[in-house]
$ cat input-v2.cif   # mmCIF, C-alpha atoms and all ligand atoms
data_run
#
loop_
_atom_site.label_atom_id
_atom_site.label_comp_id
_atom_site.auth_asym_id
_atom_site.auth_seq_id
_atom_site.Cartn_x
_atom_site.Cartn_y
_atom_site.Cartn_z
CA MET F 848 240.09 -65.43 262.62
CA PRO F 849 241.56 -67.09 265.73
CA GLN F 850 240.11 -70.41 266.75
CA LYS F 851 237.55 -70.30 269.59
CA ASN F 852 237.99 -72.79 272.44
CA PRO F 853 236.45 -74.85 273.90
CA ALA F 854 234.52 -75.88 270.82
CA LEU F 855 232.02 -78.57 269.95
CA MET F 856 232.97 -79.62 266.42
CA ILE F 857 229.97 -80.85 264.46
CA ASP F 858 230.39 -82.84 261.24
CA LEU F 859 227.08 -82.46 259.40
CA GLN F 860 228.05 -84.90 256.64
CA LYS F 861 228.65 -87.69 259.18
CA ILE F 862 225.34 -87.01 260.93
CA TYR F 863 223.62 -87.12 257.54
CA HIS F 864 225.32 -90.44 256.80
CA ASN F 865 224.31 -91.93 260.18
CA ALA F 866 220.71 -90.82 259.74
CA ARG F 867 220.61 -92.25 256.20
CA SER F 868 222.07 -95.56 257.35
CA ILE F 869 219.57 -95.97 260.22
CA THR F 870 216.46 -94.75 258.38
CA THR F 871 217.25 -97.06 255.44
CA LEU F 872 217.57 -100.08 257.72
CA CYS F 873 214.36 -99.24 259.59
CA ALA F 874 212.37 -98.41 256.44
CA SER F 875 212.99 -101.94 255.20
CA TYR F 876 211.07 -103.13 258.29
CA GLY F 877 208.28 -100.58 257.92
CA ILE F 878 209.59 -98.36 260.73
CA GLN F 879 209.74 -94.57 260.43
CA ILE F 880 212.22 -92.55 262.48
CA ALA F 881 211.71 -89.41 264.53
CA GLY F 882 215.11 -87.69 264.74
CA VAL F 883 215.70 -86.76 268.40
CA THR F 884 217.28 -83.32 268.69
CA LYS F 885 217.83 -82.86 272.44
CA GLY F 886 221.45 -84.08 272.30
CA PHE F 887 222.40 -80.93 270.34
CA CYS F 888 219.77 -78.51 271.74
CA ALA F 889 217.88 -78.63 268.44
CA ILE F 890 220.37 -76.58 266.42
CA PRO F 891 218.39 -76.19 263.16
CA ALA F 892 221.38 -76.96 260.86
CA VAL F 893 221.76 -80.37 262.52
CA ALA F 894 218.02 -81.07 262.50
CA GLU F 895 218.05 -80.31 258.79
CA VAL F 896 220.59 -83.02 257.97
CA MET F 897 218.59 -85.51 260.07
CA LEU F 898 215.64 -84.81 257.79
CA GLN F 899 217.77 -85.00 254.64
CA GLY F 900 219.00 -88.34 255.98
CA GLY F 901 215.46 -89.69 255.99
CA CYS F 902 213.94 -88.89 259.40
CA THR F 903 210.23 -88.18 258.99
CA MET F 904 209.70 -86.24 262.23
CA LEU F 905 211.67 -84.14 264.70
CA ALA F 906 211.41 -84.92 268.40
CA ASP F 907 212.65 -83.23 271.55
CA SER F 908 211.93 -83.42 275.27
CA ARG F 909 211.91 -79.62 275.73
CA VAL F 910 209.20 -77.33 274.41
CA LYS F 911 211.78 -74.57 274.08
CA ASN F 912 213.73 -76.69 271.60
CA LEU F 913 210.57 -77.48 269.67
CA GLN F 914 209.88 -73.75 269.47
CA LYS F 915 213.34 -73.27 267.95
CA LEU F 916 212.57 -75.96 265.35
CA HIS F 917 209.12 -74.49 264.72
CA GLU F 918 210.72 -71.13 263.96
CA ALA F 919 213.06 -72.80 261.45
CA HIS F 920 209.94 -73.91 259.49
CA PHE F 921 210.67 -77.57 258.87
CA ASP F 922 207.86 -79.20 256.98
CA VAL F 923 207.46 -82.24 259.28
CA GLU F 924 205.57 -83.07 262.46
CA HIS F 925 207.19 -82.06 265.76
CA LEU F 926 206.95 -84.50 268.64
CA LEU F 927 207.32 -83.64 272.34
CA LEU F 928 209.04 -86.56 274.10
CA ARG F 929 208.66 -85.67 277.76
CA THR F 930 205.22 -85.87 279.32
CA PRO F 931 204.09 -82.22 279.36
CA MET F 932 203.97 -80.16 282.54
CA LEU F 933 200.49 -78.87 283.29
CA SER F 934 201.97 -75.38 283.35
CA GLU F 935 203.16 -75.59 279.72
CA VAL F 936 200.19 -77.05 277.84
CA ASP F 937 199.58 -73.84 275.83
CA GLU F 938 203.15 -73.88 274.50
CA VAL F 939 202.93 -77.62 273.86
CA VAL F 940 199.87 -77.19 271.67
CA ARG F 941 201.50 -74.27 269.89
CA TYR F 942 204.89 -75.86 269.14
CA ALA F 943 204.30 -79.62 269.14
CA ASP F 944 202.01 -81.42 266.73
CA ILE F 945 202.21 -84.58 268.82
CA SER F 946 203.16 -85.30 272.43
CA LEU F 947 203.85 -88.45 274.45
CA ASN F 948 201.43 -88.62 277.39
CA SER F 949 200.63 -90.72 280.42
CA GLU F 950 198.30 -88.63 282.62
CA ILE F 951 194.58 -88.11 282.04
CA ALA F 952 194.63 -84.68 283.70
CA THR F 953 197.36 -83.52 281.32
CA ILE F 954 195.60 -84.88 278.24
CA GLN F 955 192.44 -83.03 279.31
CA ALA F 956 194.45 -79.83 279.84
CA LEU F 957 195.97 -80.23 276.34
CA ASN F 958 192.45 -80.66 275.01
CA ARG F 959 191.30 -77.40 276.61
CA ALA F 960 194.40 -75.58 275.37
CA ALA F 961 193.88 -76.86 271.81
CA ARG F 962 190.22 -75.84 271.89
CA THR F 963 191.09 -72.35 273.11
CA LEU F 964 193.72 -71.93 270.38
CA HIS F 965 191.27 -73.28 267.74
CA THR F 966 193.60 -76.08 266.81
CA ARG F 967 193.99 -79.82 267.36
CA HIS F 968 196.69 -81.78 269.17
CA LYS F 969 197.76 -85.39 268.65
CA ILE F 970 198.79 -87.67 271.45
CA ILE F 971 200.67 -90.91 271.77
CA LEU F 972 199.69 -92.74 274.95
CA MET F 973 202.72 -94.16 276.74
CA ILE F 974 202.29 -97.60 278.28
CA ASP F 975 204.83 -98.97 280.74
CA VAL F 976 206.05 -102.36 279.52
CA GLY F 977 208.38 -102.86 282.47
CA ASP F 978 211.15 -100.24 282.53
CA LEU F 979 209.29 -98.19 285.18
CA ARG F 980 209.86 -94.68 283.85
CA GLU F 981 206.92 -93.04 282.08
CA GLY F 982 203.75 -94.76 280.94
CA ILE F 983 200.41 -95.84 282.35
CA TRP F 984 200.28 -99.18 284.11
CA PRO F 985 198.29 -101.51 281.82
CA ASP F 986 195.41 -101.97 284.30
CA HIS F 987 194.52 -98.30 283.67
CA LEU F 988 194.24 -98.75 279.92
CA ASP F 989 190.44 -98.68 279.52
CA GLU F 990 189.94 -95.72 281.80
CA THR F 991 192.66 -93.74 279.99
CA VAL F 992 191.53 -94.61 276.47
CA GLN F 993 187.96 -93.62 277.34
CA ALA F 994 189.18 -90.27 278.69
CA ILE F 995 191.19 -89.63 275.50
CA LEU F 996 188.29 -90.51 273.24
CA ALA F 997 186.07 -88.12 275.18
CA CYS F 998 188.35 -85.20 274.21
CA ASP F 999 187.09 -83.19 271.24
CA ALA F 1000 190.31 -81.37 270.28
CA VAL F 1001 192.78 -84.20 270.88
CA ASP F 1002 193.46 -86.96 268.34
CA PHE F 1003 194.43 -90.40 269.62
CA GLU F 1004 197.36 -90.94 267.27
CA GLY F 1005 199.02 -93.98 268.76
CA ILE F 1006 200.67 -95.75 271.67
CA GLY F 1007 204.29 -96.04 272.67
CA CYS F 1008 206.69 -97.21 275.30
CA ASN F 1009 210.11 -96.35 276.60
CA VAL F 1010 212.61 -98.94 277.79
CA GLY F 1011 216.27 -98.87 278.76
CA CYS F 1012 216.61 -95.34 280.09
CA TYR F 1013 215.70 -95.94 283.73
CA GLY F 1014 215.36 -99.65 284.43
CA GLY F 1015 217.94 -100.75 281.85
CA ILE F 1016 215.33 -103.10 280.35
CA ILE F 1017 216.26 -104.19 276.80
CA PRO F 1018 213.62 -104.14 274.04
CA SER F 1019 212.61 -107.75 273.39
CA PRO F 1020 210.16 -109.54 271.10
CA GLU F 1021 208.04 -110.08 274.24
CA ASN F 1022 207.80 -106.49 275.54
CA MET F 1023 207.34 -105.11 272.02
CA GLN F 1024 204.61 -107.69 271.33
CA PHE F 1025 202.97 -106.62 274.58
CA LEU F 1026 202.68 -103.09 273.17
CA ILE F 1027 201.21 -104.42 269.91
CA ASP F 1028 198.71 -106.50 271.91
CA GLN F 1029 197.52 -103.29 273.59
CA GLN F 1030 197.01 -101.77 270.13
CA THR F 1031 194.95 -104.80 269.03
CA TYR F 1032 192.84 -104.60 272.18
CA ILE F 1033 192.24 -100.84 271.85
CA GLU F 1034 191.38 -100.99 268.15
CA HIS F 1035 188.93 -103.86 268.63
CA THR F 1036 187.31 -102.55 271.76
CA TYR F 1037 186.93 -98.89 270.79
CA ASP F 1038 186.70 -98.93 267.00
CA VAL F 1039 189.67 -96.59 266.54
CA LYS F 1040 192.71 -96.90 264.30
CA LEU F 1041 196.10 -96.09 265.84
CA ARG F 1042 198.54 -94.66 263.30
CA LEU F 1043 201.77 -94.81 265.33
CA ILE F 1044 203.13 -97.66 267.43
CA SER F 1045 206.30 -96.19 268.89
CA GLY F 1046 208.56 -98.94 270.21
CA GLY F 1047 211.33 -96.86 271.79
CA SER F 1048 214.67 -95.24 271.12
CA THR F 1049 218.10 -96.16 269.76
CA ASN F 1050 218.08 -99.27 271.91
CA GLY F 1051 215.41 -100.74 269.59
CA LEU F 1052 217.79 -100.75 266.62
CA GLN F 1053 219.59 -103.97 267.48
CA LEU F 1054 216.31 -105.91 267.67
CA THR F 1055 215.26 -104.35 264.36
CA ALA F 1056 218.56 -105.15 262.62
CA SER F 1057 218.41 -108.74 263.83
CA GLY F 1058 214.99 -109.11 262.20
CA HIS F 1059 213.27 -109.85 265.51
CA MET F 1060 211.31 -106.62 266.01
CA PRO F 1061 207.66 -107.76 265.98
CA LYS F 1062 205.74 -106.58 262.93
CA GLY F 1063 203.48 -103.72 263.94
CA ILE F 1064 206.07 -101.48 265.59
CA ASN F 1065 206.24 -98.70 263.00
CA HIS F 1066 207.99 -95.84 264.79
CA LEU F 1067 211.22 -95.32 266.75
CA ARG F 1068 212.63 -92.15 268.31
CA ILE F 1069 216.37 -92.05 267.63
CA GLY F 1070 218.97 -89.69 269.08
CA GLU F 1071 222.20 -91.36 270.18
CA GLY F 1072 222.28 -93.77 267.22
CA ILE F 1073 222.29 -90.94 264.71
CA LEU F 1074 224.48 -88.56 266.69
CA LEU F 1075 227.12 -90.90 268.11
CA GLY F 1076 226.56 -94.15 266.19
CA LYS F 1077 226.42 -96.12 269.41
CA ASN F 1078 224.04 -98.69 270.79
CA PRO F 1079 223.06 -97.58 274.34
CA ILE F 1080 222.67 -101.20 275.52
CA ASP F 1081 226.43 -101.86 275.45
CA ARG F 1082 227.82 -98.69 273.77
CA HIS F 1083 229.15 -100.74 270.85
CA PRO F 1084 229.31 -99.01 267.45
CA ILE F 1085 226.24 -99.41 265.24
CA PRO F 1086 227.32 -100.96 261.92
CA GLY F 1087 227.38 -98.44 259.09
CA THR F 1088 227.65 -95.34 261.30
CA HIS F 1089 230.35 -92.88 262.37
CA GLN F 1090 231.13 -92.46 266.06
CA ASP F 1091 232.94 -89.13 265.67
CA ALA F 1092 230.33 -86.82 264.18
CA PHE F 1093 230.78 -84.70 267.33
CA ARG F 1094 234.15 -83.94 268.89
CA LEU F 1095 235.21 -81.54 271.61
CA ARG F 1096 238.32 -79.40 271.39
CA SER F 1097 240.09 -77.17 273.86
CA GLU F 1098 243.40 -75.54 274.46
CA ILE F 1099 246.34 -76.25 276.77
CA ILE F 1100 246.87 -73.45 279.30
CA GLU F 1101 249.63 -75.02 281.42
CA CYS F 1102 252.26 -77.74 280.99
CA ASN F 1103 254.37 -78.89 283.92
CA GLN F 1104 256.29 -81.70 285.53
CA LYS F 1105 254.82 -82.43 288.95
CA PRO F 1106 254.72 -85.25 291.52
CA SER F 1107 251.74 -87.62 291.28
CA VAL F 1108 250.70 -87.23 294.92
CA PRO F 1109 249.56 -83.87 296.36
CA ILE F 1110 251.62 -82.44 299.20
CA GLY F 1111 250.08 -81.36 302.53
CA GLU F 1112 247.11 -82.19 304.76
CA ARG F 1113 244.17 -83.49 302.72
CA GLY F 1114 240.47 -82.54 302.89
CA GLN F 1115 237.60 -82.96 300.42
CA ASP F 1116 237.98 -82.15 296.74
CA VAL F 1117 235.47 -79.87 294.91
CA PHE F 1118 232.98 -82.76 294.56
CA GLY F 1119 233.03 -83.63 298.26
CA ASN F 1120 235.18 -86.74 297.83
CA ILE F 1121 238.46 -87.52 299.54
CA PRO F 1122 240.67 -88.33 296.54
CA GLU F 1123 243.11 -91.25 296.53
CA PHE F 1124 246.46 -91.05 294.74
CA THR F 1125 249.11 -93.59 293.78
CA ASP F 1126 252.74 -92.53 293.63
CA ASP F 1127 254.00 -92.85 290.04
CA GLY F 1128 256.82 -90.37 290.59
CA VAL F 1129 257.15 -87.13 288.68
CA ARG F 1130 254.77 -86.94 285.68
CA THR F 1131 254.27 -84.52 282.80
CA ARG F 1132 250.84 -82.91 282.98
CA ALA F 1133 248.79 -80.53 280.94
CA ILE F 1134 245.85 -78.42 282.03
CA ILE F 1135 243.30 -77.54 279.38
CA ALA F 1136 240.63 -74.87 279.47
CA LEU F 1137 237.65 -77.15 279.91
CA GLY F 1138 235.69 -78.09 283.01
CA CYS F 1139 232.36 -79.02 284.53
CA GLN F 1140 230.79 -75.76 283.45
CA ASP F 1141 231.45 -76.83 279.86
CA VAL F 1142 230.70 -80.55 279.94
CA VAL F 1143 229.60 -81.49 283.51
CA ARG F 1144 231.66 -84.71 283.53
CA PRO F 1145 234.95 -83.82 281.80
CA TYR F 1146 236.67 -86.94 283.16
CA SER F 1147 234.38 -89.06 280.94
CA LEU F 1148 235.94 -87.52 277.81
CA VAL F 1149 238.28 -89.75 275.82
CA PRO F 1150 241.35 -87.99 274.36
CA ALA F 1151 241.83 -88.59 270.62
CA ASP F 1152 245.55 -89.01 271.36
CA ARG F 1153 245.51 -92.32 273.23
CA ARG F 1154 248.83 -91.52 274.94
CA LEU F 1155 246.97 -89.00 277.12
CA THR F 1156 244.83 -89.81 280.15
CA CYS F 1157 242.42 -87.56 282.04
CA ILE F 1158 243.44 -87.57 285.70
CA GLY F 1159 241.16 -84.93 287.18
CA ALA F 1160 238.65 -82.22 286.54
CA THR F 1161 237.16 -79.26 288.35
CA SER F 1162 234.69 -76.57 287.28
CA ASP F 1163 237.08 -74.95 284.79
CA HIS F 1164 240.16 -77.18 284.48
CA LEU F 1165 240.80 -80.62 283.04
CA ILE F 1166 244.12 -82.17 284.05
CA LEU F 1167 245.77 -84.71 281.76
CA ASP F 1168 248.78 -86.92 282.20
CA MET F 1169 250.84 -86.61 279.02
CA THR F 1170 254.08 -88.28 280.11
CA GLU F 1171 253.76 -90.79 277.25
CA ALA F 1172 253.44 -88.07 274.58
CA ILE F 1173 256.87 -87.39 273.10
CA PRO F 1174 257.60 -84.73 271.99
CA PRO F 1175 255.36 -83.15 274.64
CA TYR F 1176 252.51 -80.79 273.86
CA ARG F 1177 253.00 -77.12 274.59
CA VAL F 1178 250.90 -74.24 275.87
CA GLY F 1179 248.53 -73.11 273.12
CA ASP F 1180 248.27 -76.55 271.49
CA THR F 1181 244.77 -77.93 271.21
CA LEU F 1182 243.51 -81.39 272.13
CA GLU F 1183 240.47 -83.24 270.84
CA PHE F 1184 238.17 -85.61 272.66
CA SER F 1185 235.32 -87.93 271.85
CA LEU F 1186 232.18 -87.53 273.93
CA ASP F 1187 229.48 -89.74 275.36
CA TYR F 1188 225.80 -88.75 275.12
CA THR F 1189 225.75 -87.03 278.52
CA SER F 1190 228.81 -84.92 277.68
CA LEU F 1191 227.38 -84.08 274.27
CA LEU F 1192 224.16 -82.92 275.91
CA ALA F 1193 226.12 -80.77 278.35
CA ALA F 1194 228.54 -79.33 275.79
CA ALA F 1195 225.64 -78.47 273.47
CA THR F 1196 223.84 -76.79 276.37
CA SER F 1197 226.78 -74.80 277.74
CA GLU F 1198 226.97 -71.25 276.47
CA TYR F 1199 230.73 -71.39 277.11
CA VAL F 1200 231.26 -74.00 274.39
CA HIS F 1201 231.55 -72.57 270.88
CA LYS F 1202 229.68 -74.56 268.19
CA GLU F 1203 231.79 -75.14 265.07
CA PHE F 1204 230.45 -76.77 261.89
CA GLN F 1205 232.53 -78.85 259.50
C1 LIG F 1301 215.71 -88.97 274.62
C2 LIG F 1301 214.56 -89.83 274.28
C3 LIG F 1301 214.63 -90.69 273.17
C4 LIG F 1301 215.90 -90.85 272.35
O1 LIG F 1301 216.81 -91.68 273.02
P1 LIG F 1301 218.18 -92.15 272.32
O2 LIG F 1301 218.71 -93.19 273.20
O3 LIG F 1301 219.04 -90.94 272.23
O4 LIG F 1301 217.81 -92.67 270.97
C5 LIG F 1301 213.51 -91.44 272.86
N1 LIG F 1301 212.38 -91.35 273.60
C6 LIG F 1301 212.27 -90.54 274.68
C7 LIG F 1301 211.01 -90.51 275.45
C8 LIG F 1301 213.36 -89.75 275.04
O5 LIG F 1301 213.25 -88.94 276.10
#

$ encode --input "input-v2.cif" --output "structure tokens" --more "lines below"
Ligand SMILES: *Cc1c(COP(=O)(O)O)cnc(C)c1O
Amino acid sequence: MPQKNPALMIDLQKIYHNARSITTLCASYGIQIAGVTKGFCAIPAVAEVMLQGGCTMLADSRVKNLQKLHEAHFDVEHLLLRTPMLSEVDEVVRYADISLNSEIATIQALNRAARTLHTRHKIILMIDVGDLREGIWPDHLDETVQAILACDAVDFEGIGCNVGCYGGIIPSPENMQFLIDQQTYIEHTYDVKLRLISGGSTNGLQLTASGHMPKGINHLRIGEGILLGKNPIDRHPIPGTHQDAFRLRSEIIECNQKPSVPIGERGQDVFGNIPEFTDDGVRTRAIIALGCQDVVRPYSLVPADRRLTCIGATSDHLILDMTEAIPPYRVGDTLEFSLDYTSLLAAATSEYVHKEFQ
């Protein structure tokens, strides 16, 4: 069977290994891991190795992905990461056991939906500890907790926070302790027991590994760490993980020697920029069948062959300088690239990218 290109190559064994490595570290600090599946659009075969690797839950930001996981019948709780839309509460209750929440109106709508479907729904209340994405502001804590406790079909399962993604705030002993202090206050004031204290995502791993994660944080939601083995704070490798569990491959469709500066009057490129060029003389270039419709930001891909450099990308073409590669590549050869999290997300989402398991 001929190879299909472009392809996202997925090494299940490496993902298993990464999950095992991270869940083992976290378990020694009393922290359970929800495997975050959005980076690969919740392909069940990948979710399965996350669970074999020790994740105790599956989490995604899209209800549609949770539905896919639900239909694969995994015997674990499914967690919705993005605050639900009011228009999707029925599906949320159907396909998510737990959801992260920050709006009273939404929690009440989930309560009504759960009641109507004769089921129960668990919520984790998100509290903003300073990163300024989702989460209630702490001065609304009492009001929100009282509204949750007044719901008869919603269980108050825990509290959580998100840091790093928007404000770039790093998890610290102080902001994590702040979350634990909210737990202490809630449990004492309202006579409830919170089961999950969810301290964040992959960016909480470094604090955990250093032994400085405050005791009481018992849950993290990990995507990038398991999938790409990288710490989002500085994109350094996480010890004991592989960085190449996912690779992207495509095929050379043109090889040519051309000048390095375009000839003629210059307007905007496809992205609305006026490109700048330096004159490096005549260079050997390759075009591969891969573009923004496959990975959105193809120029962020790193060629496995370090003699190649990406010099431009449009919707369907990625142009590489391969002057340093001797003997040169030829039409029909394939090239491999490593991806960042954004490109992985895009490649997994694109219907034009074939998914290939190894
Ligand atoms: C995507 C997401 C995560 C996982 O983030 P990683 O950096 O991939 O570990 C965790 N929590 C929320 C709310 C998310 O949306």

$ residues_near_ligand --input "input-v2.cif" --ligand "ligand LIG 1301 (chain F)" --cutoff "9 Å" --atoms "all atoms listed in the file" --output "PyMOL selection string"
chain F and resi 881-886+906-908+927-930+947+981+1008-1012+1047-1051+1067-1074+1078-1079+1188

$ residues_around --input "input-v2.cif" --residues "range 913-918 of chain F" --least-positions-apart "2" --cutoff "10 Å" --atoms "only C-alpha atoms" --output "count of residues only"
30

$ closest_residue --input "input-v2.cif" --among "F:Ile995, F:Leu872, F:Met904, F:Ile857" --to "Thr1088 in chain F" --atoms "all atoms listed in the file"
F:Leu872

$ closest_residue --input "input-v2.cif" --among "F:Asn912, F:Gln1140, F:Thr1131, F:Gln1205" --to "Pro1174 in chain F" --atoms "only C-alpha atoms"
F:Thr1131

$ residues_around --input "input-v2.cif" --residues "Pro1106 in chain F" --least-positions-apart "4" --cutoff "12 Å" --atoms "all atoms listed in the file" --output "compact mmCIF listing (two decimals) with C-alpha atoms, keeping the file's coordinate frame"
# COMPACT_ATOMS: atom_id res chain seq x y z
CA ILE F 1110 251.62 -82.44 299.20
CA PHE F 1124 246.46 -91.05 294.74
CA THR F 1125 249.11 -93.59 293.78
CA ASP F 1126 252.74 -92.53 293.63
CA ASP F 1127 254.00 -92.85 290.04
CA GLY F 1128 256.82 -90.37 290.59
CA VAL F 1129 257.15 -87.13 288.68
CA ARG F 1130 254.77 -86.94 285.68
CA THR F 1131 254.27 -84.52 282.80
CA ARG F 1132 250.84 -82.91 282.98
CA ASP F 1168 248.78 -86.92 282.20
CA THR F 1170 254.08 -88.28 280.11

$ axis_aligned_box --input "input-v2.cif" --around "range 874-883 of chain F" --padding-each-side "5 Å" --output "AutoDock Vina command-line options"
--center_x 212.0 --center_y -94.9 --center_z 261.8 --size_x 17.4 --size_y 26.4 --size_z 23.2

$ residues_around --input "input-v2.cif" --residues "Val1149 in chain F" --least-positions-apart "4" --cutoff "12 Å" --atoms "only C-alpha atoms" --output "list in words"
Asp1091, Arg1094, Leu1095, Arg1096, Arg1144, Pro1145, Arg1153, Arg1154, Leu1155, Thr1156, Cys1157, Ile1158, Leu1165, Leu1167, Leu1182, Glu1183, Phe1184, Ser1185, Leu1186, Asp1187 and Ser1190 of chain F

$ residues_around --input "input-v2.cif" --residues "Ile1033 in chain F" --least-positions-apart "5" --cutoff "8 Å" --atoms "all atoms listed in the file" --output "PyMOL selection string"
chain F and resi 992+1038-1039

$ closest_residue --input "input-v2.cif" --among "F:Gly1159, F:Pro1086, F:Leu972, F:Ile1080" --to "Ser1107 in chain F" --atoms "all atoms listed in the file"
F:Gly1159

$ closest_residue --input "input-v2.cif" --among "F:His1066, F:Arg1113, F:His1201, F:His1164" --to "Ser1045 in chain F" --atoms "all atoms listed in the file"
F:His1066

$ residues_around --input "input-v2.cif" --residues "Gly900 in chain F" --least-positions-apart "6" --cutoff "6 Å" --atoms "only C-alpha atoms" --output "ChimeraX atom specification"
/F:863,866-867

$ closest_residue --input "input-v2.cif" --among "F:Phe1093, F:Phe1003, F:Leu964, F:Asp975" --to "Phe1204 in chain F" --atoms "only C-alpha atoms"
F:Phe1093

$ closest_residue --input "input-v2.cif" --among "F:Asn1065, F:Gln993, F:Asn865, F:Thr1036" --to "Gly1005 in chain F" --atoms "only C-alpha atoms"
F:Asn1065

$ atom_distance --input "input-v2.cif" --atom1 "CA of Arg1042 in chain F" --atom2 "CA of Ile983 in chain F"
19.2 Å

$ atom_distance --input "input-v2.cif" --atom1 "CA of His1089 in chain F" --atom2 "CA of Pro849 in chain F"
28.3 Å

$ atom_distance --input "input-v2.cif" --atom1 "CA of Tyr876 in chain F" --atom2 "CA of Cys902 in chain F"
14.6 Å

$ decode --input "input-v2.cif" --residues "range 1086-1100 of chain F" --atoms "N, CA and C atoms" --output "PDB file, in the first residue's frame"
ATOM      1  N   PRO F1086      12.330  15.430  32.203  1.00  0.00           N
ATOM      2  CA  PRO F1086      13.171  14.241  32.405  1.00  0.00           C
ATOM      3  C   PRO F1086      12.339  12.957  32.371  1.00  0.00           C
ATOM      4  N   GLY F1087      12.871  11.941  31.698  1.00  0.00           N
ATOM      5  CA  GLY F1087      12.189  10.652  31.651  1.00  0.00           C
ATOM      6  C   GLY F1087      11.084  10.554  30.616  1.00  0.00           C
ATOM      7  N   THR F1088      11.017  11.526  29.688  1.00  0.00           N
ATOM      8  CA  THR F1088       9.981  11.459  28.644  1.00  0.00           C
ATOM      9  C   THR F1088      10.594  11.574  27.249  1.00  0.00           C
ATOM     10  N   HIS F1089       9.835  11.089  26.266  1.00  0.00           N
ATOM     11  CA  HIS F1089      10.210  11.253  24.857  1.00  0.00           C
ATOM     12  C   HIS F1089       9.600  12.544  24.317  1.00  0.00           C
ATOM     13  N   GLN F1090      10.311  13.207  23.427  1.00  0.00           N
ATOM     14  CA  GLN F1090       9.779  14.419  22.793  1.00  0.00           C
ATOM     15  C   GLN F1090       9.249  14.136  21.375  1.00  0.00           C
ATOM     16  N   ASP F1091       9.447  12.898  20.912  1.00  0.00           N
ATOM     17  CA  ASP F1091       9.089  12.612  19.508  1.00  0.00           C
ATOM     18  C   ASP F1091       8.017  11.536  19.377  1.00  0.00           C
ATOM     19  N   ALA F1092       7.085  11.520  20.305  1.00  0.00           N
ATOM     20  CA  ALA F1092       5.979  10.556  20.202  1.00  0.00           C
ATOM     21  C   ALA F1092       5.091  10.893  18.999  1.00  0.00           C
ATOM     22  N   PHE F1093       5.062  12.161  18.613  1.00  0.00           N
ATOM     23  CA  PHE F1093       4.327  12.587  17.412  1.00  0.00           C
ATOM     24  C   PHE F1093       5.324  13.205  16.444  1.00  0.00           C
ATOM     25  N   ARG F1094       5.237  12.811  15.172  1.00  0.00           N
ATOM     26  CA  ARG F1094       6.045  13.450  14.142  1.00  0.00           C
ATOM     27  C   ARG F1094       5.152  13.674  12.925  1.00  0.00           C
ATOM     28  N   LEU F1095       5.545  14.633  12.111  1.00  0.00           N
ATOM     29  CA  LEU F1095       4.763  14.919  10.916  1.00  0.00           C
ATOM     30  C   LEU F1095       5.612  14.604   9.698  1.00  0.00           C
ATOM     31  N   ARG F1096       5.013  13.980   8.700  1.00  0.00           N
ATOM     32  CA  ARG F1096       5.771  13.631   7.500  1.00  0.00           C
ATOM     33  C   ARG F1096       5.031  14.151   6.279  1.00  0.00           C
ATOM     34  N   SER F1097       5.787  14.668   5.309  1.00  0.00           N
ATOM     35  CA  SER F1097       5.170  14.883   4.001  1.00  0.00           C
ATOM     36  C   SER F1097       6.200  14.735   2.896  1.00  0.00           C
ATOM     37  N   GLU F1098       5.754  14.986   1.700  1.00  0.00           N
ATOM     38  CA  GLU F1098       6.485  14.534   0.508  1.00  0.00           C
ATOM     39  C   GLU F1098       6.927  15.719  -0.347  1.00  0.00           C
ATOM     40  N   ILE F1099       8.126  15.617  -0.896  1.00  0.00           N
ATOM     41  CA  ILE F1099       8.659  16.684  -1.750  1.00  0.00           C
ATOM     42  C   ILE F1099       7.972  16.642  -3.115  1.00  0.00           C
ATOM     43  N   ILE F1100       7.438  17.804  -3.535  1.00  0.00           N
ATOM     44  CA  ILE F1100       6.760  17.873  -4.830  1.00  0.00           C
ATOM     45  C   ILE F1100       7.530  18.713  -5.848  1.00  0.00           C
TER      46      ILE F1100
END
